[in-house]
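Everything below belongs to run27.txt, which stores compact mmCIF, C-alpha atoms.
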```txt
# COMPACT_ATOMS: atom_id res chain seq x y z
CA MET A 850 -21.30 -10.61 2.89
CA ARG A 851 -20.33 -8.93 -0.35
CA GLU A 852 -20.65 -11.20 -3.31
CA SER A 853 -17.56 -11.99 -5.26
CA VAL A 854 -18.33 -10.03 -8.37
CA CYS A 855 -16.96 -11.16 -11.69
CA MET A 856 -17.15 -8.33 -14.19
CA SER A 857 -20.48 -7.60 -12.65
CA SER A 858 -21.81 -5.12 -15.19
CA GLU A 859 -22.00 -7.81 -17.84
CA SER A 860 -25.30 -9.43 -18.54
CA PRO A 861 -25.75 -12.97 -19.89
CA GLN A 862 -26.66 -11.33 -23.18
CA ASP A 863 -23.26 -9.62 -23.18
CA THR A 864 -21.56 -12.97 -22.68
CA LEU A 865 -23.42 -14.47 -25.63
CA ALA A 866 -22.73 -11.42 -27.75
CA GLU A 867 -19.09 -11.53 -26.69
CA ARG A 868 -18.74 -15.11 -27.91
CA ARG A 869 -20.38 -14.19 -31.20
CA TRP A 870 -18.07 -11.21 -31.78
CA LEU A 871 -14.97 -13.12 -30.73
CA SER A 872 -15.84 -15.91 -33.11
CA ALA A 873 -16.36 -13.40 -35.94
CA LEU A 874 -13.12 -11.60 -35.13
CA ALA A 875 -11.18 -14.87 -35.04
CA LYS A 876 -12.52 -15.56 -38.54
CA GLY A 877 -11.02 -12.28 -39.69
CA ASP A 878 -14.07 -10.05 -39.61
CA PRO A 879 -12.75 -6.65 -38.43
CA SER A 880 -16.26 -5.23 -38.04
CA ALA A 881 -16.65 -7.51 -35.00
CA LEU A 882 -14.40 -5.07 -33.18
CA GLY A 883 -17.35 -2.66 -33.04
CA GLY A 884 -19.40 -5.24 -31.17
CA LEU A 885 -16.62 -5.86 -28.67
CA TYR A 886 -16.20 -2.11 -28.27
CA GLU A 887 -19.87 -1.83 -27.35
CA ILE A 888 -19.43 -4.46 -24.63
CA TYR A 889 -16.06 -3.46 -23.24
CA GLY A 890 -15.49 0.12 -24.40
CA GLU A 891 -16.91 1.78 -21.31
CA ARG A 892 -15.17 -0.54 -18.86
CA ILE A 893 -11.80 -0.20 -20.56
CA PHE A 894 -12.25 3.57 -20.74
CA ARG A 895 -13.10 3.76 -17.02
CA TYR A 896 -10.16 1.57 -16.11
CA THR A 897 -7.69 3.54 -18.23
CA PHE A 898 -9.10 6.84 -16.91
CA ARG A 899 -8.54 5.65 -13.36
CA MET A 900 -5.06 4.47 -14.17
CA LEU A 901 -4.02 7.54 -16.16
CA GLY A 902 -6.10 10.30 -14.57
CA ASN A 903 -7.16 12.17 -17.69
CA ARG A 904 -9.77 11.76 -20.38
CA SER A 905 -7.66 12.31 -23.45
CA ASP A 906 -5.07 9.71 -22.49
CA ALA A 907 -7.84 7.31 -21.47
CA GLU A 908 -9.47 7.70 -24.89
CA ASP A 909 -6.13 7.08 -26.61
CA ALA A 910 -5.38 4.06 -24.46
CA THR A 911 -8.87 2.64 -25.02
CA ALA A 912 -8.57 3.00 -28.80
CA GLU A 913 -5.09 1.47 -28.72
CA THR A 914 -6.38 -1.42 -26.60
CA PHE A 915 -8.97 -2.32 -29.24
CA LEU A 916 -6.42 -1.93 -32.02
CA ARG A 917 -4.20 -4.44 -30.25
CA VAL A 918 -7.15 -6.78 -29.82
CA LEU A 919 -7.60 -6.69 -33.58
CA ARG A 920 -3.91 -7.16 -34.31
CA ARG A 921 -3.66 -10.08 -31.94
CA SER A 922 -7.02 -11.61 -32.84
CA THR A 923 -5.38 -14.92 -33.73
CA GLU A 924 -4.66 -15.36 -30.01
CA LEU A 925 -8.34 -14.96 -29.10
CA ARG A 926 -10.08 -17.59 -27.03
CA ALA A 927 -13.83 -17.42 -26.43
CA ASP A 928 -13.62 -19.15 -23.07
CA GLY A 929 -13.92 -16.24 -20.70
CA ALA A 930 -10.23 -15.48 -20.77
CA PHE A 931 -10.87 -12.56 -23.12
CA ARG A 932 -11.90 -10.32 -20.24
CA THR A 933 -8.64 -10.67 -18.38
CA TRP A 934 -6.73 -10.55 -21.65
CA ILE A 935 -8.20 -7.22 -22.77
CA PHE A 936 -7.70 -5.71 -19.30
CA ARG A 937 -4.10 -6.88 -19.35
CA ILE A 938 -3.57 -5.19 -22.73
CA ALA A 939 -5.09 -1.98 -21.35
CA ARG A 940 -2.94 -2.22 -18.24
CA ASN A 941 0.28 -2.61 -20.22
CA LEU A 942 -0.63 0.40 -22.34
CA CYS A 943 -1.36 2.45 -19.23
CA ILE A 944 1.94 1.51 -17.64
CA ASP A 945 3.81 2.55 -20.81
CA ARG A 946 1.94 5.83 -20.83
CA MET A 947 2.54 6.43 -17.13
CA ARG A 948 6.26 6.03 -17.74
CA GLN A 949 6.02 8.67 -20.49
CA HIS A 950 4.10 10.95 -18.12
CA LYS A 951 6.79 10.54 -15.54
CA LEU A 952 9.38 11.55 -18.09
CA LEU A 953 7.33 14.48 -19.36
CA ASP A 954 5.82 15.38 -15.95
CA LEU A 955 2.33 15.84 -17.41
CA PRO A 956 -0.37 16.91 -14.94
CA ALA A 957 -3.38 14.67 -14.33
CA ASP A 958 -6.92 15.84 -14.99
CA ALA A 959 -8.69 14.76 -11.82
CA GLN A 960 -12.16 15.57 -13.07
CA TYR A 961 -14.06 12.30 -13.13
CA ALA A 962 -17.70 13.25 -13.11
CA SER A 963 -20.00 16.19 -12.73
CA GLY A 964 -19.23 18.99 -10.31
CA GLU A 965 -21.69 18.06 -7.59
CA ASP A 966 -19.83 14.80 -6.97
CA ARG A 967 -16.59 16.53 -6.23
CA THR A 968 -16.94 17.03 -2.54
CA ALA A 969 -13.79 17.67 -0.57
CA LEU A 970 -13.65 14.15 0.81
CA LYS A 971 -14.08 12.55 -2.59
CA VAL A 972 -11.31 14.71 -3.97
CA ALA A 973 -9.14 13.71 -1.01
CA VAL A 974 -9.85 10.02 -1.67
CA HIS A 975 -9.06 10.46 -5.35
CA GLN A 976 -5.79 12.24 -4.59
CA ALA A 977 -4.80 9.71 -1.93
CA LEU A 978 -5.48 6.89 -4.40
CA GLY A 979 -3.30 8.62 -6.96
CA ASP A 980 -0.50 8.96 -4.42
CA LEU A 981 -0.43 5.26 -3.56
CA PRO A 982 2.39 3.14 -4.96
CA GLN A 983 1.31 1.37 -8.13
CA GLU A 984 1.45 -2.07 -6.53
CA TYR A 985 -1.25 -1.00 -4.07
CA ARG A 986 -3.24 1.25 -6.39
CA GLU A 987 -3.84 -1.34 -9.10
CA PRO A 988 -5.57 -3.95 -6.89
CA LEU A 989 -7.77 -1.19 -5.45
CA ILE A 990 -8.76 0.01 -8.92
CA LEU A 991 -9.49 -3.50 -10.19
CA CYS A 992 -11.21 -4.97 -7.11
CA ASP A 993 -12.84 -2.05 -5.30
CA LEU A 994 -13.56 0.28 -8.20
CA GLU A 995 -14.04 -1.99 -11.19
CA GLU A 996 -15.44 -4.82 -9.06
CA ILE A 997 -13.39 -7.49 -10.75
CA SER A 998 -13.03 -10.74 -8.81
CA ALA A 999 -9.77 -11.36 -6.98
CA LYS A 1000 -9.03 -14.30 -9.29
CA GLU A 1001 -9.41 -12.25 -12.45
CA ALA A 1002 -7.58 -9.25 -11.00
CA ALA A 1003 -4.69 -11.56 -10.11
CA GLU A 1004 -4.67 -12.82 -13.69
CA VAL A 1005 -4.65 -9.28 -15.07
CA LEU A 1006 -1.69 -8.41 -12.83
CA ARG A 1007 -0.03 -11.80 -13.37
CA ILE A 1008 0.31 -12.48 -9.66
CA SER A 1009 -1.17 -15.13 -7.36
CA VAL A 1010 -4.51 -14.59 -5.62
CA PRO A 1011 -2.88 -14.48 -2.14
CA ALA A 1012 -0.41 -11.87 -3.42
CA LEU A 1013 -3.29 -9.86 -4.90
CA LYS A 1014 -5.20 -9.95 -1.63
CA SER A 1015 -2.13 -9.02 0.35
CA ARG A 1016 -1.58 -5.96 -1.86
CA LEU A 1017 -5.26 -5.09 -1.74
CA TYR A 1018 -5.40 -5.17 2.06
CA ARG A 1019 -2.13 -3.27 2.42
CA GLY A 1020 -3.35 -0.73 -0.10
CA ARG A 1021 -6.55 -0.13 1.83
CA ARG A 1022 -4.57 0.40 5.03
CA ALA A 1023 -2.12 2.71 3.28
CA LEU A 1024 -5.04 4.69 1.89
CA ARG A 1025 -6.68 4.88 5.31
CA ASP A 1026 -3.42 6.18 6.78
CA LYS A 1027 -3.12 8.80 4.03
CA LEU A 1028 -6.66 10.00 4.62
CA GLY A 1029 -5.95 10.22 8.34
CA GLU A 1030 -8.25 12.58 10.17
CA ALA A 1031 -10.59 12.97 7.21
CA ILE A 1032 -11.79 9.42 7.88
CA ASP A 1033 -12.38 10.04 11.58
CA LYS A 1034 -14.56 13.04 10.79
CA THR A 1035 -16.94 11.08 8.55
CA MET B 116 1.47 -11.11 18.55
CA LYS B 117 -0.42 -13.98 16.93
CA ASP B 118 -3.66 -12.49 18.23
CA LEU B 119 -2.80 -9.15 16.67
CA ASP B 120 -2.04 -10.79 13.31
CA LEU B 121 -5.26 -12.75 13.46
CA TYR B 122 -7.30 -9.68 14.32
CA GLY B 123 -5.54 -7.76 11.54
CA LYS B 124 -6.54 -10.39 8.98
CA LEU B 125 -10.07 -10.54 10.28
CA VAL B 126 -10.35 -6.75 10.13
CA ASP B 127 -9.15 -6.81 6.51
CA LEU B 128 -11.88 -9.30 5.65
CA TYR B 129 -14.42 -7.36 7.69
CA ALA B 130 -13.64 -4.11 5.89
CA GLY B 131 -14.11 -5.76 2.52
CA ASP B 132 -17.41 -7.40 3.51
CA GLU B 133 -15.81 -10.79 3.04
CA LEU B 134 -16.67 -12.25 6.44
CA PRO B 135 -19.64 -14.58 6.89
CA THR B 136 -22.38 -12.98 8.98
CA GLU B 137 -21.67 -15.05 12.10
CA LEU B 138 -17.99 -14.20 12.15
CA ARG B 139 -18.75 -10.56 11.45
CA ASP B 140 -21.10 -10.43 14.42
CA GLU B 141 -18.51 -12.12 16.63
CA LEU B 142 -15.85 -9.63 15.60
CA GLU B 143 -18.18 -6.71 16.25
CA ALA B 144 -18.94 -8.15 19.69
CA ALA B 145 -15.20 -8.50 20.39
CA ALA B 146 -14.68 -4.88 19.37
CA TYR B 147 -17.36 -3.68 21.77
CA GLY B 148 -14.98 -3.43 24.72
CA ASN B 149 -11.86 -2.79 22.68
CA ALA B 150 -11.52 0.82 21.55
CA GLU B 151 -8.43 0.17 19.44
CA LEU B 152 -9.97 -2.73 17.54
CA SER B 153 -13.21 -0.84 17.16
CA HIS B 154 -11.40 2.17 15.68
CA GLU B 155 -9.40 -0.08 13.37
CA MET B 156 -12.53 -1.77 12.08
CA ALA B 157 -14.52 1.43 11.65
CA THR B 158 -11.81 3.42 9.87
CA LEU B 159 -10.83 0.62 7.51
CA LYS B 160 -14.42 -0.18 6.63
CA ARG B 161 -15.10 3.51 6.01
CA THR B 162 -12.04 3.70 3.76
CA VAL B 163 -13.31 0.81 1.64
CA GLU B 164 -16.76 2.40 1.45
CA LEU B 165 -15.23 5.69 0.33
CA VAL B 166 -13.14 4.01 -2.37
CA ARG B 167 -16.11 2.01 -3.63
CA GLY B 168 -18.19 5.18 -3.60
CA THR B 169 -15.72 7.11 -5.72
CA PRO B 170 -17.55 8.50 -8.74
CA ARG B 171 -17.11 6.58 -11.93
CA PRO B 172 -15.33 8.35 -14.76
CA ASP B 173 -18.06 9.60 -17.04
CA PHE B 174 -18.03 7.72 -20.35
CA THR B 175 -19.69 10.38 -22.44
CA GLU B 176 -21.15 10.10 -25.90
CA GLU B 177 -18.33 12.39 -27.03
CA SER B 178 -15.71 10.02 -25.64
CA PHE B 179 -17.48 7.07 -27.25
CA HIS B 180 -17.26 8.75 -30.66
CA ARG B 181 -13.75 10.16 -30.18
CA ILE B 182 -12.46 6.65 -29.50
CA LEU B 183 -14.24 5.39 -32.62
CA MET B 184 -12.68 8.23 -34.62
CA ARG B 185 -9.23 7.30 -33.29
CA LEU B 186 -9.83 3.77 -34.56
CA TYR B 187 -11.00 5.06 -37.95
CA THR B 188 -7.92 7.26 -38.30
CA ARG B 189 -5.74 4.23 -37.60
CA GLY B 190 -7.39 2.41 -40.48
CA VAL B 191 -9.77 0.24 -38.48
CA PRO B 192 -13.45 0.53 -39.35
CA PRO B 193 -15.27 -0.79 -36.30
CA GLN B 194 -19.00 -0.97 -36.89
CA PRO B 195 -21.03 -0.75 -33.69
CA THR B 196 -24.47 -2.27 -33.97
CA ALA B 197 -26.02 1.09 -33.06
CA PRO B 198 -24.63 4.61 -33.79
CA THR B 199 -24.44 5.27 -30.04
CA PRO B 200 -25.39 2.92 -27.20
CA SER B 201 -28.75 3.97 -25.84
CA HIS B 202 -27.45 4.44 -22.30
CA LEU B 203 -25.14 7.14 -23.62
CA GLN B 204 -27.84 8.90 -25.60
CA TYR B 205 -30.30 9.72 -22.87
CA ARG B 206 -29.37 11.25 -19.53
CA LEU B 207 -32.14 11.04 -17.00
CA PRO B 208 -32.30 13.88 -14.51
CA ILE B 209 -31.97 11.60 -11.50
CA SER B 210 -29.73 12.55 -8.63
CA GLY B 211 -28.90 10.94 -5.29
```

Could you write out this file's structure as structure tokens?
Amino acid sequence: MRESVCMSSESPQDTLAERRWLSALAKGDPSALGGLYEIYGERIFRYTFRMLGNRSDAEDATAETFLRVLRRSTELRADGAFRTWIFRIARNLCIDRMRQHKLLDLPADAQYASGEDRTALKVAVHQALGDLPQEYREPLILCDLEEISAKEAAEVLRISVPALKSRLYRGRRALRDKLGEAIDKT
Amino acid sequence: MKDLDLYGKLVDLYAGDELPTELRDELEAAAYGNAELSHEMATLKRTVELVRGTPRPDFTEESFHRILMRLYTRGVPPQPTAPTPSHLQYRLPISG
């Protein structure tokens, strides 16, 4: 059985460091933002890249996320809620940007990683994910790609855990249906 | 109808590796003589595996620094404890 992973890439050292930086930031030390960026920068970048589909927008959204963390540092709580809070900030920024993209019809840069990873099936999966309605895509990104627990993903999306799981399961089925024969051939 | 709903929910849990081992084995045994259920389980599980196996966006050293520069230009001087995290500095030639 797959373990319920809670921000699995974090080590206990990260958690301790996170508390230290959050405490410093709450006391008005802006340099603490660098420490938080070291812990969360990559995860927020990956999440925003998956939401937005291109590197430049993901870099902008990541920077803006940390700026908002600094601006709203008086709301900080070092009780574990920071993780869902920062993801929620990133999500809101992505949604704003996606609305702009829709208006401007900007193309997505689908290039995630190095060329050898871009087999036809992986590209098909990536495209099918991108074609899913947002309500299905987001739970898949958070739970299956970023390995965030259902509870935390529900908090990020501000929905109940049963609603999150319902969307997750429907999203997987919708994705399977989109992939169609490609799945049968694997 | 209730059976179909129940199987549907079990298949969802099966695909996400959320079933306890005993239940998983029971479901696999039930699917043995049921081509439709077997296909449902296999394709959904494969879909989840494919999604989870999607390559991670590459957080390069360049991206790390470009984001820092964006913060600097907005008047925020974040000070990382190291110039670049070590895992971004060294790329080991490991594949597979």

Quiz item: How many Å lie between atom CA of Val918 of chain A and atom CA of Glu987 of chain A, rounded to one decimal?
Solution: 21.7 Å

Quiz prompt | chain A contacts to chain B at 9 Å (all atoms listed in the file) as an NGL selection string | solution = :A and (850-853 or 879-887 or 890-892 or 894-896 or 898-899 or 904-905 or 908-909 or 911-913 or 915-916 or 919 or 960-963 or 966-967 or 970-972 or 974-975 or 978 or 989-990 or 993-996 or 1018-1019 or 1021-1022 or 1024-1025 or 1028 or 1032-1033 or 1035)

Quiz item: In Å to one decimal, how far is atom CA of Leu1013 of chain A from atom CA of Arg986 of chain A?
Solution: 11.2 Å

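Distance-wise, atom CA of Lys1000 of chain A and atom CA of Arg1016 of chain A end up 13.4 Å apart.
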
Around (-1.7, 6.3, -10.0) in the file's frame, which residues reach within 12 Å when counting only C-alpha atoms? Return as a PDB file with C-alpha atoms, keeping the file's coordinate frame?
```
ATOM      1  CA  TYR A 896     -10.160   1.570 -16.110  1.00  0.00           C
ATOM      2  CA  THR A 897      -7.690   3.540 -18.230  1.00  0.00           C
ATOM      3  CA  PHE A 898      -9.100   6.840 -16.910  1.00  0.00           C
ATOM      4  CA  ARG A 899      -8.540   5.650 -13.360  1.00  0.00           C
ATOM      5  CA  MET A 900      -5.060   4.470 -14.170  1.00  0.00           C
ATOM      6  CA  LEU A 901      -4.020   7.540 -16.160  1.00  0.00           C
ATOM      7  CA  GLY A 902      -6.100  10.300 -14.570  1.00  0.00           C
ATOM      8  CA  ASN A 903      -7.160  12.170 -17.690  1.00  0.00           C
ATOM      9  CA  ARG A 940      -2.940  -2.220 -18.240  1.00  0.00           C
ATOM     10  CA  CYS A 943      -1.360   2.450 -19.230  1.00  0.00           C
ATOM     11  CA  ILE A 944       1.940   1.510 -17.640  1.00  0.00           C
ATOM     12  CA  ARG A 946       1.940   5.830 -20.830  1.00  0.00           C
ATOM     13  CA  MET A 947       2.540   6.430 -17.130  1.00  0.00           C
ATOM     14  CA  ARG A 948       6.260   6.030 -17.740  1.00  0.00           C
ATOM     15  CA  HIS A 950       4.100  10.950 -18.120  1.00  0.00           C
ATOM     16  CA  LYS A 951       6.790  10.540 -15.540  1.00  0.00           C
ATOM     17  CA  PRO A 956      -0.370  16.910 -14.940  1.00  0.00           C
ATOM     18  CA  ALA A 957      -3.380  14.670 -14.330  1.00  0.00           C
ATOM     19  CA  ASP A 958      -6.920  15.840 -14.990  1.00  0.00           C
ATOM     20  CA  ALA A 959      -8.690  14.760 -11.820  1.00  0.00           C
ATOM     21  CA  HIS A 975      -9.060  10.460  -5.350  1.00  0.00           C
ATOM     22  CA  GLN A 976      -5.790  12.240  -4.590  1.00  0.00           C
ATOM     23  CA  ALA A 977      -4.800   9.710  -1.930  1.00  0.00           C
ATOM     24  CA  LEU A 978      -5.480   6.890  -4.400  1.00  0.00           C
ATOM     25  CA  GLY A 979      -3.300   8.620  -6.960  1.00  0.00           C
ATOM     26  CA  ASP A 980      -0.500   8.960  -4.420  1.00  0.00           C
ATOM     27  CA  LEU A 981      -0.430   5.260  -3.560  1.00  0.00           C
ATOM     28  CA  PRO A 982       2.390   3.140  -4.960  1.00  0.00           C
ATOM     29  CA  GLN A 983       1.310   1.370  -8.130  1.00  0.00           C
ATOM     30  CA  GLU A 984       1.450  -2.070  -6.530  1.00  0.00           C
ATOM     31  CA  TYR A 985      -1.250  -1.000  -4.070  1.00  0.00           C
ATOM     32  CA  ARG A 986      -3.240   1.250  -6.390  1.00  0.00           C
ATOM     33  CA  GLU A 987      -3.840  -1.340  -9.100  1.00  0.00           C
ATOM     34  CA  PRO A 988      -5.570  -3.950  -6.890  1.00  0.00           C
ATOM     35  CA  LEU A 989      -7.770  -1.190  -5.450  1.00  0.00           C
ATOM     36  CA  ILE A 990      -8.760   0.010  -8.920  1.00  0.00           C
TER      37      ILE A 990
END
```

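Among the candidates A:Arg932, A:Leu942, A:Arg937, A:Ile888, the one nearest to Ala910 of chain A when counting only C-alpha atoms is A:Leu942.
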